[in-house]
>>> print(open('model-v7.pdb').read())   # PDB, C-alpha atoms, pLDDT in the B column
ATOM      1  CA  MET A  95      -8.632   7.720  -9.801  1.00 64.00           C
ATOM      2  CA  THR A  96      -5.976   5.227 -10.867  1.00 89.00           C
ATOM      3  CA  PHE A  97      -6.656   1.678  -9.704  1.00 96.00           C
ATOM      4  CA  SER A  98      -4.125  -1.140 -10.012  1.00 96.00           C
ATOM      5  CA  ILE A  99      -4.621  -4.834  -9.349  1.00 96.00           C
ATOM      6  CA  VAL A 100      -1.319  -6.618  -8.828  1.00 96.00           C
ATOM      7  CA  THR A 101      -1.003 -10.395  -9.162  1.00 94.00           C
ATOM      8  CA  ALA A 102       2.138 -12.370  -8.402  1.00 90.00           C
ATOM      9  CA  CYS A 103       1.550 -15.218 -10.833  1.00 87.00           C
ATOM     10  CA  SER A 104       2.991 -18.710 -10.567  1.00 82.00           C
ATOM     11  CA  ARG A 105      -0.287 -20.351 -11.690  1.00 85.00           C
ATOM     12  CA  PRO A 106      -0.937 -18.920 -15.170  1.00 84.00           C
ATOM     13  CA  GLU A 107      -3.705 -21.478 -15.746  1.00 87.00           C
ATOM     14  CA  ASN A 108      -5.877 -19.300 -13.451  1.00 91.00           C
ATOM     15  CA  LEU A 109      -5.497 -16.056 -15.421  1.00 90.00           C
ATOM     16  CA  HIS A 110      -8.602 -16.490 -17.601  1.00 91.00           C
ATOM     17  CA  ALA A 111     -10.865 -17.119 -14.598  1.00 94.00           C
ATOM     18  CA  ILE A 112      -9.328 -14.179 -12.750  1.00 95.00           C
ATOM     19  CA  MET A 113      -9.838 -11.880 -15.731  1.00 94.00           C
ATOM     20  CA  LYS A 114     -13.456 -12.970 -16.059  1.00 95.00           C
ATOM     21  CA  SER A 115     -14.025 -12.197 -12.363  1.00 97.00           C
ATOM     22  CA  ILE A 116     -12.448  -8.747 -12.733  1.00 96.00           C
ATOM     23  CA  LEU A 117     -14.780  -7.969 -15.634  1.00 95.00           C
ATOM     24  CA  GLU A 118     -17.811  -9.199 -13.669  1.00 96.00           C
ATOM     25  CA  ALA A 119     -16.888  -6.804 -10.846  1.00 97.00           C
ATOM     26  CA  LYS A 120     -17.368  -3.863 -13.256  1.00 95.00           C
ATOM     27  CA  PRO A 121     -13.950  -2.238 -12.839  1.00 95.00           C
ATOM     28  CA  PRO A 122     -13.211   1.458 -13.430  1.00 92.00           C
ATOM     29  CA  ASN A 123     -12.066   2.478 -16.912  1.00 88.00           C
ATOM     30  CA  ASP A 124      -8.560   3.316 -15.764  1.00 90.00           C
ATOM     31  CA  LEU A 125      -7.882  -0.107 -14.235  1.00 94.00           C
ATOM     32  CA  LEU A 126      -4.423  -1.584 -14.686  1.00 94.00           C
ATOM     33  CA  TRP A 127      -3.906  -5.299 -14.012  1.00 94.00           C
ATOM     34  CA  VAL A 128      -0.197  -5.985 -13.507  1.00 92.00           C
ATOM     35  CA  ARG A 129       0.936  -9.602 -13.504  1.00 90.00           C
ATOM     36  CA  TYR A 130       4.383 -10.411 -12.191  1.00 89.00           C
ATOM     37  CA  HIS A 131       5.227 -13.839 -13.538  1.00 83.00           C
ATOM     38  CA  ASP A 132       7.383 -16.563 -12.143  1.00 73.00           C
ATOM     39  CA  LEU A 133       9.704 -16.563 -15.124  1.00 72.00           C
ATOM     40  CA  SER A 134      10.438 -20.299 -14.899  1.00 65.00           C
ATOM     41  CA  VAL A 135       6.715 -21.051 -15.421  1.00 63.00           C
ATOM     42  CA  PHE A 136       5.926 -18.175 -17.774  1.00 59.00           C
ATOM     43  CA  ILE A 137       8.582 -18.979 -20.380  1.00 60.00           C
ATOM     44  CA  GLU A 138       7.126 -22.461 -20.902  1.00 57.00           C
ATOM     45  CA  GLN A 139       3.459 -21.444 -20.917  1.00 57.00           C
ATOM     46  CA  ARG A 140       3.223 -17.766 -21.928  1.00 56.00           C
ATOM     47  CA  HIS A 141       1.299 -18.321 -25.160  1.00 53.00           C
ATOM     48  CA  LYS A 142      -0.998 -20.963 -23.728  1.00 59.00           C
ATOM     49  CA  PHE A 143      -2.303 -18.735 -20.943  1.00 60.00           C
ATOM     50  CA  PHE A 144      -2.116 -15.268 -22.516  1.00 62.00           C
ATOM     51  CA  THR A 145      -5.078 -13.083 -21.575  1.00 68.00           C
ATOM     52  CA  TYR A 146      -6.248  -9.795 -23.034  1.00 71.00           C
ATOM     53  CA  SER A 147      -9.029  -7.366 -22.259  1.00 80.00           C
ATOM     54  CA  ASP A 148     -10.293  -4.369 -24.181  1.00 80.00           C
ATOM     55  CA  LYS A 149     -11.994  -3.120 -20.989  1.00 84.00           C
ATOM     56  CA  PHE A 150      -8.795  -2.431 -19.035  1.00 85.00           C
ATOM     57  CA  THR A 151      -5.031  -2.620 -19.421  1.00 86.00           C
ATOM     58  CA  CYS A 152      -3.169  -5.863 -18.710  1.00 85.00           C
ATOM     59  CA  LEU A 153       0.562  -5.557 -18.195  1.00 82.00           C
ATOM     60  CA  ASP A 154       2.565  -8.769 -18.592  1.00 77.00           C
ATOM     61  CA  SER A 155       5.822  -7.161 -19.624  1.00 66.00           C
ATOM     62  CA  VAL A 156       7.195  -7.388 -16.097  1.00 69.00           C
ATOM     63  CA  TYR A 157       8.711 -10.691 -15.028  1.00 70.00           C
ATOM     64  CA  PHE A 158      10.261 -11.742 -11.769  1.00 69.00           C
ATOM     65  CA  SER A 159      12.780 -14.532 -11.821  1.00 66.00           C
ATOM     66  CA  GLY A 160      13.688 -16.874  -9.046  1.00 58.00           C
ATOM     67  CA  ARG A 161      12.136 -17.825  -5.737  1.00 56.00           C
ATOM     68  CA  VAL A 162      12.973 -15.746  -2.703  1.00 54.00           C
ATOM     69  CA  GLY A 163      12.243 -16.565   0.916  1.00 49.00           C
ATOM     70  CA  GLU A 164       9.935 -19.411   1.875  1.00 48.00           C
ATOM     71  CA  GLY A 165       8.679 -20.856  -1.394  1.00 51.00           C
ATOM     72  CA  ALA A 166       5.950 -19.224  -3.432  1.00 51.00           C
ATOM     73  CA  LYS A 167       4.803 -16.952  -0.607  1.00 55.00           C
ATOM     74  CA  GLY A 168       8.252 -15.374  -0.284  1.00 68.00           C
ATOM     75  CA  TRP A 169       8.389 -15.012  -4.062  1.00 76.00           C
ATOM     76  CA  GLY A 170       4.964 -13.339  -4.072  1.00 86.00           C
ATOM     77  CA  HIS A 171       6.093 -10.808  -1.478  1.00 89.00           C
ATOM     78  CA  ALA A 172       9.217 -10.031  -3.517  1.00 87.00           C
ATOM     79  CA  ALA A 173       6.987  -9.379  -6.543  1.00 88.00           C
ATOM     80  CA  ARG A 174       4.702  -7.136  -4.443  1.00 92.00           C
ATOM     81  CA  ASN A 175       7.760  -5.203  -3.269  1.00 93.00           C
ATOM     82  CA  ARG A 176       8.752  -4.725  -6.906  1.00 90.00           C
ATOM     83  CA  TRP A 177       5.372  -3.048  -7.480  1.00 93.00           C
ATOM     84  CA  LEU A 178       5.816  -0.813  -4.445  1.00 95.00           C
ATOM     85  CA  GLU A 179       9.261   0.194  -5.728  1.00 92.00           C
ATOM     86  CA  THR A 180       8.088   1.054  -9.254  1.00 90.00           C
ATOM     87  CA  ASN A 181       4.667   2.593  -8.622  1.00 90.00           C
ATOM     88  CA  THR A 182       4.128   5.756  -6.627  1.00 86.00           C
ATOM     89  CA  LEU A 183       0.460   6.768  -7.074  1.00 88.00           C
ATOM     90  CA  GLY A 184      -3.095   5.486  -7.067  1.00 94.00           C
ATOM     91  CA  TRP A 185      -5.012   2.677  -5.426  1.00 97.00           C
ATOM     92  CA  THR A 186      -3.455  -0.805  -5.148  1.00 98.00           C
ATOM     93  CA  TYR A 187      -5.117  -4.157  -4.572  1.00 98.00           C
ATOM     94  CA  PHE A 188      -3.089  -7.382  -4.387  1.00 97.00           C
ATOM     95  CA  LEU A 189      -5.108 -10.212  -5.978  1.00 97.00           C
ATOM     96  CA  ASP A 190      -3.430 -13.591  -5.552  1.00 93.00           C
ATOM     97  CA  ASP A 191      -3.374 -16.067  -8.436  1.00 92.00           C
ATOM     98  CA  ASP A 192      -5.479 -18.559  -6.441  1.00 93.00           C
ATOM     99  CA  ASN A 193      -8.258 -16.043  -5.935  1.00 96.00           C
ATOM    100  CA  LEU A 194     -11.021 -14.282  -7.849  1.00 97.00           C
ATOM    101  CA  MET A 195     -12.251 -10.710  -7.712  1.00 97.00           C
ATOM    102  CA  HIS A 196     -15.522 -10.596  -5.777  1.00 98.00           C
ATOM    103  CA  PRO A 197     -18.428  -9.180  -7.882  1.00 98.00           C
ATOM    104  CA  ASN A 198     -19.169  -6.649  -5.093  1.00 98.00           C
ATOM    105  CA  PHE A 199     -15.550  -5.543  -4.700  1.00 98.00           C
ATOM    106  CA  PHE A 200     -15.837  -2.064  -6.211  1.00 98.00           C
ATOM    107  CA  GLU A 201     -19.041  -1.383  -4.264  1.00 97.00           C
ATOM    108  CA  GLY A 202     -17.136  -2.038  -1.024  1.00 97.00           C
ATOM    109  CA  PHE A 203     -14.179  -0.033  -2.290  1.00 97.00           C
ATOM    110  CA  GLU A 204     -16.409   2.998  -2.948  1.00 97.00           C
ATOM    111  CA  MET A 205     -17.894   2.689   0.546  1.00 96.00           C
ATOM    112  CA  GLY A 206     -14.456   2.848   2.147  1.00 95.00           C
ATOM    113  CA  SER A 207     -12.539   5.159  -0.207  1.00 95.00           C
ATOM    114  CA  SER A 208     -12.775   8.230   2.018  1.00 95.00           C
ATOM    115  CA  LYS A 209      -9.592   7.005   3.759  1.00 96.00           C
ATOM    116  CA  ASN A 210      -6.273   5.900   2.276  1.00 96.00           C
ATOM    117  CA  VAL A 211      -6.484   2.322   3.579  1.00 96.00           C
ATOM    118  CA  ILE A 212      -9.531   0.063   3.354  1.00 96.00           C
ATOM    119  CA  ILE A 213     -10.102  -3.348   4.944  1.00 94.00           C
ATOM    120  CA  LEU A 214     -13.067  -5.110   3.305  1.00 96.00           C
ATOM    121  CA  GLY A 215     -15.206  -7.954   4.599  1.00 94.00           C
ATOM    122  CA  GLN A 216     -14.372 -11.309   3.053  1.00 94.00           C
ATOM    123  CA  GLU A 217     -16.299 -14.344   1.887  1.00 93.00           C
ATOM    124  CA  THR A 218     -14.590 -17.617   2.765  1.00 89.00           C
ATOM    125  CA  ALA A 219     -15.503 -21.247   2.150  1.00 89.00           C
ATOM    126  CA  GLN A 220     -16.862 -21.247   5.726  1.00 89.00           C
ATOM    127  CA  GLY A 221     -18.862 -18.009   5.428  1.00 86.00           C
ATOM    128  CA  LEU A 222     -18.259 -14.321   6.119  1.00 86.00           C
ATOM    129  CA  ARG A 223     -15.087 -12.953   7.729  1.00 83.00           C
ATOM    130  CA  GLU A 224     -15.895  -9.467   8.980  1.00 80.00           C
ATOM    131  CA  PRO A 225     -12.990  -7.044   9.013  1.00 76.00           C
ATOM    132  CA  GLY A 226     -13.535  -6.131  12.674  1.00 65.00           C
ATOM    133  CA  ARG A 227     -11.440  -3.418  14.209  1.00 60.00           C
ATOM    134  CA  SER A 228      -8.326  -5.534  14.582  1.00 58.00           C
ATOM    135  CA  VAL A 229      -5.916  -6.298  11.790  1.00 60.00           C
ATOM    136  CA  CYS A 230      -4.581  -9.412  13.510  1.00 63.00           C
ATOM    137  CA  ASN A 231      -6.581 -11.769  11.284  1.00 72.00           C
ATOM    138  CA  VAL A 232      -6.828  -9.708   8.101  1.00 84.00           C
ATOM    139  CA  ASP A 233      -5.977 -11.436   4.825  1.00 88.00           C
ATOM    140  CA  LEU A 234      -4.021  -9.509   2.191  1.00 92.00           C
ATOM    141  CA  GLY A 235      -6.998  -9.989  -0.145  1.00 93.00           C
ATOM    142  CA  GLN A 236      -9.036  -7.673   2.121  1.00 95.00           C
ATOM    143  CA  LEU A 237      -6.616  -4.742   1.864  1.00 96.00           C
ATOM    144  CA  VAL A 238      -6.888  -1.822  -0.573  1.00 98.00           C
ATOM    145  CA  PHE A 239      -4.626   1.205  -0.188  1.00 97.00           C
ATOM    146  CA  ARG A 240      -3.350   4.352  -1.826  1.00 97.00           C
ATOM    147  CA  ARG A 241       0.223   3.685  -2.886  1.00 95.00           C
ATOM    148  CA  GLU A 242       1.401   7.113  -1.765  1.00 94.00           C
ATOM    149  CA  CYS A 243       0.507   6.380   1.889  1.00 95.00           C
ATOM    150  CA  VAL A 244       2.846   3.355   2.042  1.00 95.00           C
ATOM    151  CA  GLY A 245       6.090   5.305   1.735  1.00 93.00           C
ATOM    152  CA  ASP A 246       9.079   2.976   2.077  1.00 94.00           C
ATOM    153  CA  LEU A 247       7.156   0.193   3.857  1.00 95.00           C
ATOM    154  CA  ARG A 248       7.846  -3.193   2.226  1.00 95.00           C
ATOM    155  CA  PHE A 249       6.992  -6.858   2.743  1.00 93.00           C
ATOM    156  CA  ASN A 250       9.419  -9.104   4.576  1.00 90.00           C
ATOM    157  CA  LEU A 251      10.156 -12.246   2.578  1.00 85.00           C
ATOM    158  CA  HIS A 252       8.549 -14.940   4.716  1.00 81.00           C
ATOM    159  CA  TYR A 253       5.117 -16.521   5.045  1.00 77.00           C
ATOM    160  CA  GLU A 254       3.557 -14.220   7.689  1.00 80.00           C
ATOM    161  CA  ALA A 255       4.756 -11.046   5.949  1.00 87.00           C
ATOM    162  CA  ASP A 256       1.326 -10.033   4.632  1.00 88.00           C
ATOM    163  CA  GLY A 257      -0.090  -9.770   8.164  1.00 87.00           C
ATOM    164  CA  GLU A 258       2.978  -7.876   9.324  1.00 90.00           C
ATOM    165  CA  PHE A 259       2.689  -5.478   6.384  1.00 94.00           C
ATOM    166  CA  ILE A 260      -0.983  -4.780   7.142  1.00 92.00           C
ATOM    167  CA  GLU A 261      -0.296  -4.294  10.842  1.00 91.00           C
ATOM    168  CA  ARG A 262       2.562  -1.851  10.219  1.00 93.00           C
ATOM    169  CA  LEU A 263       0.581   0.064   7.575  1.00 95.00           C
ATOM    170  CA  THR A 264      -2.556   0.446   9.682  1.00 92.00           C
ATOM    171  CA  SER A 265      -0.535   1.508  12.728  1.00 92.00           C
ATOM    172  CA  VAL A 266       0.463   4.716  10.921  1.00 93.00           C
ATOM    173  CA  VAL A 267      -2.388   5.269   8.429  1.00 95.00           C
ATOM    174  CA  PRO A 268      -6.054   5.419   9.502  1.00 92.00           C
ATOM    175  CA  CYS A 269      -8.244   2.899   7.707  1.00 93.00           C
ATOM    176  CA  ASN A 270     -11.897   2.218   6.970  1.00 93.00           C
ATOM    177  CA  PHE A 271     -13.338  -1.171   7.892  1.00 93.00           C
ATOM    178  CA  VAL A 272     -16.168  -2.083   5.495  1.00 95.00           C
ATOM    179  CA  SER A 273     -18.402  -4.957   6.606  1.00 93.00           C
ATOM    180  CA  GLY A 274     -19.982  -7.290   4.069  1.00 94.00           C
ATOM    181  CA  LYS A 275     -18.937  -9.706   1.325  1.00 95.00           C
ATOM    182  CA  PHE A 276     -16.584  -7.733  -0.916  1.00 97.00           C
ATOM    183  CA  THR A 277     -13.552 -10.023  -1.294  1.00 96.00           C
ATOM    184  CA  TYR A 278     -12.910 -13.755  -1.487  1.00 95.00           C
ATOM    185  CA  TYR A 279     -10.432 -15.855   0.423  1.00 92.00           C
ATOM    186  CA  ASN A 280      -8.581 -18.252  -1.921  1.00 91.00           C
ATOM    187  CA  ARG A 281     -11.708 -18.680  -4.058  1.00 94.00           C
ATOM    188  CA  LEU A 282     -10.027 -20.886  -6.665  1.00 91.00           C
ATOM    189  CA  ARG A 283      -9.237 -23.479  -3.960  1.00 88.00           C
ATOM    190  CA  TRP A 284     -12.856 -24.002  -2.815  1.00 80.00           C
TER     191      TRP A 284
END
>>> encode(input="model-v7.pdb", output="structure tokens")
Amino acid sequence: MTFSIVTACSRPENLHAIMKSILEAKPPNDLLWVRYHDLSVFIEQRHKFFTYSDKFTCLDSVYFSGRVGEGAKGWGHAARNRWLETNTLGWTYFLDDDNLMHPNFFEGFEMGSSKNVIILGQETAQGLREPGRSVCNVDLGQLVFRRECVGDLRFNLHYEADGEFIERLTSVVPCNFVSGKFTYYNRLRW
């Protein structure tokens, strides 16, 4: 199994906390954490916020320059599209740079990995958001998928694009809904 976590990063000050949360979730040995950086921020602060792990591979050699679409959200979707264009295999999880990896994440992933798309329950500041059987209110941080099932599907470059992406993906690929607290919603903003 190849597992990739992809972070569109415009807040490099959060990288250490995110890395610590990934380690606490006990990731698989073949984990790859890819960080697409907002080049305008990264050039100024790359040495200050550099992170390294001997437990998994961190890839910072990919940078994305310029904002596209509606502010940071549009830029994040452009970075996610870059991943979908350059990677063709394995599991993908998009972990935003204002979020942490939930310590139970890989437990939930294992429970749902019999299908190519997984929607995990999410812990929010207000409590538990169950995945339900509708993708209308699913956050991108709840989605895990095999890259090969996405085909040429890409994110539109506007704010609601993550919901649209999930809706289009799950309309053609069967998914597992796994109830419980396995992901966070914007944990670094609580």
>>> closest_residue(input="model-v7.pdb", among="A:Leu263, A:Leu251, A:Val100, A:Gly184", to="Gly235 in chain A", atoms="all atoms listed in the file")
A:Val100
>>> resolve_selection(input="model-v7.pdb", expression="the PyMOL selection byres ((chain A and resi 153) around 7)", output="JSON, numbers by chain")
{"A": [127, 128, 129, 151, 152, 154, 155]}
>>> residues_near_point(input="model-v7.pdb", point="(-15.4, -0.9, 4.6)", cutoff="7 Å", atoms="only C-alpha atoms", output="PyMOL selection string")
chain A and resi 202+205-206+212-214+270-273
>>> atom_distance(input="model-v7.pdb", atom1="CA of Thr96 in chain A", atom2="CA of Leu125 in chain A")
6.6 Å
>>> resolve_selection(input="model-v7.pdb", expression="the PyMOL selection byres ((chain A and resi 225) around 12)", output="VMD selection string")
chain A and resid 202 212 to 217 222 to 224 226 to 237 269 to 277
>>> residues_near_point(input="model-v7.pdb", point="(-8.5, -14.2, -12.3)", cutoff="12 Å", atoms="only C-alpha atoms", output="number ranges by chain")
A: 99-103, 105-119, 127-129, 143, 145-146, 152, 188-197, 278, 280-282
>>> closest_residue(input="model-v7.pdb", among="A:Asn175, A:Thr186, A:Thr180, A:Asn198", to="Arg241 in chain A", atoms="only C-alpha atoms")
A:Thr186
>>> atom_distance(input="model-v7.pdb", atom1="CA of Tyr253 in chain A", atom2="CA of Phe203 in chain A")
26.4 Å
>>> resolve_selection(input="model-v7.pdb", expression="the PyMOL selection byres ((chain A and resi 176) around 12)", output="VMD selection string")
chain A and resid 100 to 102 128 to 131 156 to 159 169 to 175 177 to 182 246 to 249
>>> atom_distance(input="model-v7.pdb", atom1="CA of Trp284 in chain A", atom2="CA of Ala219 in chain A")
6.3 Å
>>> decode(input="model-v7.pdb", residues="range 241-279 of chain A", atoms="N, CA and C atoms", output="short mmCIF file (atom, residue, chain, number, x, y, z; two decimals), in the first residue's frame")
data_model
loop_
_atom_site.label_atom_id
_atom_site.label_comp_id
_atom_site.auth_asym_id
_atom_site.auth_seq_id
_atom_site.Cartn_x
_atom_site.Cartn_y
_atom_site.Cartn_z
N ARG A 241 -5.97 6.94 -5.79
CA ARG A 241 -5.74 7.89 -6.88
C ARG A 241 -6.22 7.33 -8.21
N GLU A 242 -6.03 6.05 -8.45
CA GLU A 242 -6.37 5.48 -9.74
C GLU A 242 -7.87 5.51 -10.05
N CYS A 243 -8.72 5.66 -9.04
CA CYS A 243 -10.17 5.70 -9.28
C CYS A 243 -10.65 7.09 -9.67
N VAL A 244 -9.81 8.11 -9.56
CA VAL A 244 -10.20 9.48 -9.85
C VAL A 244 -10.19 9.79 -11.34
N GLY A 245 -9.33 9.11 -12.08
CA GLY A 245 -9.23 9.37 -13.52
C GLY A 245 -8.86 10.81 -13.79
N ASP A 246 -9.60 11.48 -14.67
CA ASP A 246 -9.28 12.87 -15.02
C ASP A 246 -10.13 13.89 -14.25
N LEU A 247 -10.80 13.45 -13.19
CA LEU A 247 -11.57 14.36 -12.34
C LEU A 247 -10.62 15.34 -11.63
N ARG A 248 -10.96 16.62 -11.65
CA ARG A 248 -10.14 17.64 -11.01
C ARG A 248 -11.03 18.60 -10.23
N PHE A 249 -10.39 19.39 -9.37
CA PHE A 249 -11.08 20.42 -8.60
C PHE A 249 -11.31 21.65 -9.48
N ASN A 250 -12.49 22.26 -9.37
CA ASN A 250 -12.69 23.58 -9.93
C ASN A 250 -11.97 24.55 -9.00
N LEU A 251 -11.68 25.73 -9.47
CA LEU A 251 -10.87 26.67 -8.69
C LEU A 251 -11.72 27.75 -8.02
N HIS A 252 -12.66 27.31 -7.19
CA HIS A 252 -13.45 28.24 -6.39
C HIS A 252 -13.74 27.60 -5.04
N TYR A 253 -14.32 28.35 -4.14
CA TYR A 253 -14.44 27.94 -2.74
C TYR A 253 -15.18 26.62 -2.54
N GLU A 254 -16.29 26.38 -3.21
CA GLU A 254 -17.10 25.19 -2.99
C GLU A 254 -16.58 23.97 -3.74
N ALA A 255 -15.43 24.06 -4.36
CA ALA A 255 -14.94 23.00 -5.24
C ALA A 255 -14.69 21.68 -4.52
N ASP A 256 -14.35 21.71 -3.23
CA ASP A 256 -14.10 20.43 -2.55
C ASP A 256 -15.38 19.61 -2.46
N GLY A 257 -16.50 20.24 -2.13
CA GLY A 257 -17.78 19.53 -2.09
C GLY A 257 -18.18 19.01 -3.45
N GLU A 258 -17.97 19.81 -4.48
CA GLU A 258 -18.28 19.38 -5.84
C GLU A 258 -17.43 18.18 -6.24
N PHE A 259 -16.14 18.23 -5.91
CA PHE A 259 -15.23 17.13 -6.23
C PHE A 259 -15.71 15.85 -5.57
N ILE A 260 -16.04 15.91 -4.29
CA ILE A 260 -16.50 14.73 -3.55
C ILE A 260 -17.80 14.20 -4.14
N GLU A 261 -18.71 15.08 -4.46
CA GLU A 261 -19.99 14.66 -5.03
C GLU A 261 -19.80 13.97 -6.38
N ARG A 262 -18.96 14.54 -7.24
CA ARG A 262 -18.72 13.93 -8.55
C ARG A 262 -18.00 12.59 -8.41
N LEU A 263 -17.02 12.52 -7.50
CA LEU A 263 -16.28 11.27 -7.30
C LEU A 263 -17.19 10.16 -6.79
N THR A 264 -17.97 10.46 -5.78
CA THR A 264 -18.81 9.42 -5.17
C THR A 264 -20.02 9.06 -6.04
N SER A 265 -20.31 9.86 -7.06
CA SER A 265 -21.40 9.50 -7.96
C SER A 265 -20.98 8.41 -8.95
N VAL A 266 -19.68 8.20 -9.11
CA VAL A 266 -19.20 7.18 -10.04
C VAL A 266 -18.40 6.07 -9.37
N VAL A 267 -17.95 6.28 -8.13
CA VAL A 267 -17.16 5.29 -7.42
C VAL A 267 -17.83 4.97 -6.09
N PRO A 268 -18.16 3.71 -5.83
CA PRO A 268 -18.78 3.37 -4.54
C PRO A 268 -17.83 3.70 -3.38
N CYS A 269 -18.42 4.12 -2.26
CA CYS A 269 -17.56 4.48 -1.13
C CYS A 269 -18.06 3.84 0.16
N ASN A 270 -17.16 3.74 1.12
CA ASN A 270 -17.47 3.29 2.47
C ASN A 270 -17.63 4.49 3.37
N PHE A 271 -18.68 4.52 4.16
CA PHE A 271 -18.89 5.54 5.17
C PHE A 271 -18.52 4.93 6.51
N VAL A 272 -17.53 5.49 7.20
CA VAL A 272 -17.05 4.94 8.47
C VAL A 272 -17.39 5.92 9.59
N SER A 273 -18.30 5.51 10.46
CA SER A 273 -18.74 6.36 11.57
C SER A 273 -17.71 6.34 12.69
N GLY A 274 -17.60 7.47 13.37
CA GLY A 274 -16.68 7.61 14.50
C GLY A 274 -15.76 8.80 14.31
N LYS A 275 -14.94 9.08 15.31
CA LYS A 275 -14.02 10.21 15.26
C LYS A 275 -12.69 9.74 14.68
N PHE A 276 -12.49 10.05 13.39
CA PHE A 276 -11.28 9.63 12.69
C PHE A 276 -10.56 10.78 11.99
N THR A 277 -11.23 11.92 11.86
CA THR A 277 -10.62 13.11 11.26
C THR A 277 -11.02 14.32 12.10
N TYR A 278 -10.29 15.40 11.90
CA TYR A 278 -10.63 16.68 12.55
C TYR A 278 -11.14 17.65 11.49
N TYR A 279 -11.90 18.62 11.94
CA TYR A 279 -12.30 19.73 11.09
C TYR A 279 -11.57 20.98 11.58
#
